[in-house]
Amino acid sequence: MNDELSFQEMPSYVERSRRKPRLLFVFIAIFLLAIALGVGLYFLGARNKSPESKVAPVPSSNLTPTKSPTTGPSATQSASVSPSGKTTPTPIKSGPTAGPSPKAELDRSKLTIAVLNGSGTPGAAKGISSYLNGLGYTIKSVGNADNFTYTNITIKIKKSKSAYLPQLKKDLAKSPTPSPVSDSVDDSISTDAEVIVGK
């Protein structure tokens with residue numbers, strides 16, 4: 001009987017001893033795999049940071065007329081250098097030019113505006129101020145004008161900020177309730193501009 005007990009205990013002891021080397025082998029394999037992955041990522045990152053090779057520019061000379069028309073089709077010439085060193089002019093045709101390129105829009109947030117109700121209709125200034133604020137303008141105050149006899153929209157702007165006037169007029173023309181806009185330069189106002197909403 002005692003032999004049977006010791007015989008049964010023996011296989012369980014052997015099984016436990018076999019699991020430890022397997023577990024150790026799996027742990028070592030995962031550890032080595034993690035190291036290999038880390039080294040691979042390191043070299044991949046180092047390779048991406050290496051300076052790119054630069055291509056040397058090919059010397060060329062441009063032959064352009066001293067005066068070009070501002071309207072209508074224009075033609076300019078350029079030159080190309082052949083491998084033998086000979087310069088050959090190449091005419092390049094371009095489409096009509098419409099004069100100076102359009103100016104980039106000014107930063108609306110740098111213009112402070114007071115929106116005033118000059119119509120007497122409750123909420124008239126609030127709608128325009130919300131619209132202008134949504135476009136990025138800095139609205140300093142919303143209130144009533146000195147009287148309620150204004151018609152359409154009146155803009156008063158300081159001379160130092162008059163460059164904003166065309167953009168502000170364009171934006172007001174696209175408002176949800178567009179109306180004709182009149183403007184004047186007024187340096188006595190407290191903000192950069194006043195937008196007075198009339199009847």
# chains A, B, ... in the order shown; residues from 1 in each chain; ligands from 1

call {"tool": "residues_around", "arguments": {"residues": "stretch 138-141 of chain A", "least_positions_apart": "5", "cutoff": "9 Å", "atoms": "only C-alpha atoms", "output": "VMD selection string"}}
result
chain A and resid 108 to 116 129 to 130 132 to 133 191

call {"tool": "residues_around", "arguments": {"residues": "A:Leu135", "least_positions_apart": "6", "cutoff": "12 Å", "atoms": "only C-alpha atoms", "output": "VMD selection string"}}
result
chain A and resid 106 to 109 111 128 to 129 167 to 168 170 to 172 174 to 175

call {"tool": "atom_distance", "arguments": {"atom1": "atom CA of A:Ser179", "atom2": "atom CA of A:Asn152"}}
result
5.6 Å

call {"tool": "residues_around", "arguments": {"residues": "A:Asn144", "least_positions_apart": "3", "cutoff": "8 Å", "atoms": "only C-alpha atoms", "output": "list in words"}}
result
Leu116, Asn117, Gly118, Gly120, Ala125 and Asn147 of chain A

call {"tool": "write_last_selection", "arguments": {"atoms": "N, CA and C atoms", "output": "compact mmCIF listing (two decimals), in the first residue's frame"}}
result
# COMPACT_ATOMS: atom_id res chain seq x y z
N LEU A 116 -23.83 99.27 -31.82
CA LEU A 116 -24.84 100.12 -31.21
C LEU A 116 -26.16 100.02 -31.96
N ASN A 117 -27.26 100.07 -31.21
CA ASN A 117 -28.60 100.03 -31.77
C ASN A 117 -29.03 101.46 -32.07
N GLY A 118 -29.15 101.79 -33.35
CA GLY A 118 -29.59 103.13 -33.77
C GLY A 118 -30.96 103.11 -34.37
N GLY A 120 -33.79 101.60 -32.56
CA GLY A 120 -34.81 101.54 -31.52
C GLY A 120 -35.49 100.18 -31.44
N ALA A 125 -28.93 95.33 -32.33
CA ALA A 125 -27.47 95.34 -32.20
C ALA A 125 -26.94 93.97 -31.77
N ASN A 147 -28.92 108.22 -30.72
CA ASN A 147 -30.32 108.43 -31.09
C ASN A 147 -30.81 107.23 -31.90

call {"tool": "atom_distance", "arguments": {"atom1": "atom CA of A:Gly136", "atom2": "atom CA of A:Ala193"}}
result
14.3 Å

call {"tool": "atom_distance", "arguments": {"atom1": "atom CA of A:Thr151", "atom2": "atom CA of A:Ile189"}}
result
19.6 Å

call {"tool": "select_by_dssp", "arguments": {"residues": "stretch 112-175 of chain A", "states": "helix (DSSP H, G or I)", "output": "PyMOL selection string"}}
result
chain A and resi 124-135+159-173

call {"tool": "closest_residue", "arguments": {"among": "A:Tyr42, A:Ile153, A:Lys126, A:Ser119", "to": "A:Pro178", "atoms": "only C-alpha atoms"}}
result
A:Ile153
